[in-house]
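> Please read through the structure below; I'll follow up with questions.
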Amino acid sequence: MALYIVEADCISCGDCEPVCPTQSITEGPIVFKIDKRTCTECEGDFDVPQCVKVCPIDNCILPLEA
Amino acid sequence: MSQNALSRELALRIGLAARALPDTDAKRLLTVLGSCIAAPMTESKVAAIDLATLKNANHGTFAKVDDSVLQQALHILKNTAPQKILPDVQAYQEGDLPNSVRIACGSDDAIHVNGHFGACAWFMVYQVNSEEARLVDIRTAEIPQGLVVDDKNAFRAEQIQDCKVLYVASVGGPAAAKIVKLGIHPMKLAQVESLADIIAQLQQVMAATPPPWLAKAMGIAASDRFKFEREAVG
């Protein structure tokens, strides 16, 4: 279980990077990306995924279909 | 836009400013202005001339003219006089400019992006692609008399709802959130720049490698974008 950032919608604002409790978000060559190996969807840390909470764009960070 | 020819608005401003000065025609004022700034003469360069520069320019042509008169002429040149000169809106039909985006620029003088989102006199609305830019509308975003609006900033954002990008000199946090909510990408400039410069910068980005969200707004198919992304990664 992990989240991913929709490349076509991300505006590279960087708001999500500091709020990630597992430091899974980094700036990629195009836009920001989430490391699916370490992303926990904030399970155990917060009730809701923090990146989704702060992202200014709707439906930009979505759950990865495993 | 030609590099050497004056824009119609600038020519008009110079003509009106010359009339405000004693014994001065447009040609005389043009000579003086030309001695203050490096060619080519642009609206933003002329607008940057201050009182002392104008007074001493061209070996003191206007040295004996009263300061208040010179100030009035400068107001006309900077388009801050009560009677403002606005450029004409150009015709545009859907599909005229392929791969274009619509942008809005908050401005108080129709020369620079110098407006605060919540208070600027106009939103200059342009349709821009990598080769051409057309001024398609000038919107005031004034709330019409008698209309009660709960949220001024939301109302202003709705006036430019058809735009994808908004350039302003400043915008507050909550207002920016309302702009983003409507699908507009707000851009706060680090310093005041001329409308022409901003459009040229955007065109450069559009012609080179637009970020994915901008490519999407330009209507470039995802498959074409993918190609660009692979190049960028490699």
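The chains in the structure tokens are called A, B, ... from first to last as shown; in each chain the residues are counted from 1, and the ligands are counted from 1 in the order shown.
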Give me the chain B side of the contact with chain A, cut-off 7 Å, one line per residue showing its nearest atom pair and distance in Å at one decimal, counting only C-alpha atoms, sorted by chain and residue number, as a tab-separated table.

```
residue	atom	partner	partner_atom	distance
B:Val180	CA	A:Pro56	CA	6.9
B:Pro212	CA	A:Ala8	CA	4.8
B:Trp213	CA	A:Ala8	CA	4.9
B:Lys216	CA	A:Ala8	CA	6.5
B:Val233	CA	A:Pro29	CA	6.2
```
> Using DSSP on the backbone coordinates, identify the residues of chain A assigned to helix (DSSP H, G or I); present them as a VMD selection string.
chain A and resid 17 to 19 50 to 54
> Take the selection from the previous step and output its residues with C-alpha atoms, as a short mmCIF file (atom, residue, chain, number, x, y, z; two decimals), in the first residue's frame.

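So the final result, stored in out_22.cif, reads:
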```cif
data_model
loop_
_atom_site.label_atom_id
_atom_site.label_comp_id
_atom_site.auth_asym_id
_atom_site.auth_seq_id
_atom_site.Cartn_x
_atom_site.Cartn_y
_atom_site.Cartn_z
CA GLU A 17 7.82 16.88 0.91
CA PRO A 18 8.29 18.15 4.50
CA VAL A 19 5.03 16.71 5.87
CA GLN A 50 -0.48 14.20 5.18
CA CYS A 51 0.60 14.80 1.57
CA VAL A 52 -3.01 14.49 0.36
CA LYS A 53 -4.08 16.88 3.11
CA VAL A 54 -1.63 19.64 2.10
#
```
> To one decimal place, how far is atom CA of Gln161 of chain B from atom CA of Ala196 of chain B in Å?
22.2 Å
> Taking into account only C-alpha atoms, which residue in the set B:Ile111, B:Ala104, B:Leu12, B:Ala175 is nearest to Lys45 of chain B?
B:Ile111
> Name the residues of segment 19-232 of chain B that come out as strand (DSSP E or B) in a backbone DSSP run; write them as a PyMOL selection string.
chain B and resi 101-107+112-113+116+122-128+133-139+165-168+170+185-188+193-194
> Residues as selected, N, CA and C atoms, written as a short mmCIF file (atom, residue, chain, number, x, y, z; two decimals), in the first residue's frame, can you do that?

```cif
data_model
loop_
_atom_site.label_atom_id
_atom_site.label_comp_id
_atom_site.auth_asym_id
_atom_site.auth_seq_id
_atom_site.Cartn_x
_atom_site.Cartn_y
_atom_site.Cartn_z
N VAL B 101 -2.39 28.57 -24.21
CA VAL B 101 -3.06 28.67 -22.91
C VAL B 101 -3.55 30.10 -22.73
N ARG B 102 -4.57 30.23 -21.92
CA ARG B 102 -5.08 31.57 -21.61
C ARG B 102 -4.50 31.99 -20.27
N ILE B 103 -3.94 33.18 -20.23
CA ILE B 103 -3.36 33.66 -18.98
C ILE B 103 -3.95 35.01 -18.62
N ALA B 104 -3.90 35.33 -17.33
CA ALA B 104 -4.35 36.63 -16.87
C ALA B 104 -3.20 37.29 -16.11
N CYS B 105 -3.04 38.60 -16.28
CA CYS B 105 -2.00 39.33 -15.58
C CYS B 105 -2.64 40.48 -14.81
N GLY B 106 -2.40 40.53 -13.51
CA GLY B 106 -2.94 41.62 -12.71
C GLY B 106 -2.11 42.88 -12.92
N SER B 107 -2.76 43.97 -13.37
CA SER B 107 -2.00 45.17 -13.70
C SER B 107 -2.75 46.43 -13.27
N HIS B 112 2.83 46.95 -16.86
CA HIS B 112 3.54 45.99 -16.02
C HIS B 112 2.58 45.01 -15.35
N VAL B 113 3.13 43.87 -14.92
CA VAL B 113 2.42 43.01 -13.99
C VAL B 113 2.74 43.57 -12.61
N HIS B 116 -1.86 43.83 -7.26
CA HIS B 116 -2.17 42.89 -6.19
C HIS B 116 -3.47 42.21 -6.58
N TRP B 122 -6.92 46.03 -13.43
CA TRP B 122 -7.36 45.14 -14.51
C TRP B 122 -6.69 43.78 -14.46
N PHE B 123 -7.40 42.81 -15.02
CA PHE B 123 -6.76 41.57 -15.42
C PHE B 123 -6.62 41.62 -16.94
N MET B 124 -5.36 41.67 -17.41
CA MET B 124 -5.10 41.64 -18.83
C MET B 124 -5.10 40.17 -19.24
N VAL B 125 -6.02 39.79 -20.10
CA VAL B 125 -6.16 38.37 -20.45
C VAL B 125 -5.58 38.12 -21.83
N TYR B 126 -4.59 37.23 -21.88
CA TYR B 126 -3.92 36.91 -23.14
C TYR B 126 -4.12 35.45 -23.49
N GLN B 127 -4.17 35.19 -24.78
CA GLN B 127 -4.09 33.81 -25.28
C GLN B 127 -2.69 33.67 -25.85
N VAL B 128 -1.93 32.72 -25.32
CA VAL B 128 -0.51 32.64 -25.66
C VAL B 128 -0.15 31.24 -26.15
N ALA B 133 1.10 35.84 -29.16
CA ALA B 133 0.30 36.17 -27.99
C ALA B 133 -0.71 37.22 -28.39
N ARG B 134 -1.95 37.01 -28.02
CA ARG B 134 -2.98 38.01 -28.33
C ARG B 134 -3.66 38.45 -27.06
N LEU B 135 -3.85 39.76 -26.94
CA LEU B 135 -4.63 40.31 -25.83
C LEU B 135 -6.09 40.07 -26.18
N VAL B 136 -6.75 39.18 -25.46
CA VAL B 136 -8.12 38.85 -25.83
C VAL B 136 -9.16 39.57 -24.98
N ASP B 137 -8.76 40.07 -23.82
CA ASP B 137 -9.75 40.76 -23.00
C ASP B 137 -9.05 41.58 -21.92
N ILE B 138 -9.72 42.63 -21.49
CA ILE B 138 -9.27 43.39 -20.33
C ILE B 138 -10.45 43.43 -19.36
N ARG B 139 -10.25 42.82 -18.20
CA ARG B 139 -11.38 42.70 -17.25
C ARG B 139 -11.09 43.52 -15.99
N VAL B 165 -3.33 30.30 -16.07
CA VAL B 165 -2.24 30.85 -15.28
C VAL B 165 -2.58 32.30 -14.94
N LEU B 166 -2.24 32.70 -13.74
CA LEU B 166 -2.45 34.09 -13.32
C LEU B 166 -1.14 34.66 -12.82
N TYR B 167 -0.71 35.77 -13.39
CA TYR B 167 0.49 36.45 -12.91
C TYR B 167 0.08 37.68 -12.11
N VAL B 168 0.61 37.80 -10.89
CA VAL B 168 0.34 38.99 -10.08
C VAL B 168 1.63 39.39 -9.35
N SER B 170 1.48 40.39 -6.20
CA SER B 170 1.29 39.82 -4.87
C SER B 170 -0.11 39.23 -4.74
N HIS B 185 -3.49 28.53 -12.09
CA HIS B 185 -2.19 28.40 -11.45
C HIS B 185 -1.66 29.80 -11.12
N PRO B 186 -1.68 30.22 -9.85
CA PRO B 186 -1.23 31.59 -9.55
C PRO B 186 0.30 31.69 -9.51
N MET B 187 0.82 32.73 -10.09
CA MET B 187 2.27 32.97 -10.07
C MET B 187 2.52 34.35 -9.47
N LYS B 188 3.22 34.37 -8.34
CA LYS B 188 3.57 35.64 -7.70
C LYS B 188 4.98 35.99 -8.15
N GLU B 193 7.57 43.09 -13.39
CA GLU B 193 8.12 42.96 -14.74
C GLU B 193 7.07 43.43 -15.73
N SER B 194 7.51 43.75 -16.94
CA SER B 194 6.54 44.23 -17.92
C SER B 194 5.74 43.06 -18.47
#
```
> Provide the atom CA of Ala217 of chain B to atom CA of Val171 of chain B distance in Å, to one decimal place.
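Rounded to one decimal, the two atoms are 22.2 Å apart.
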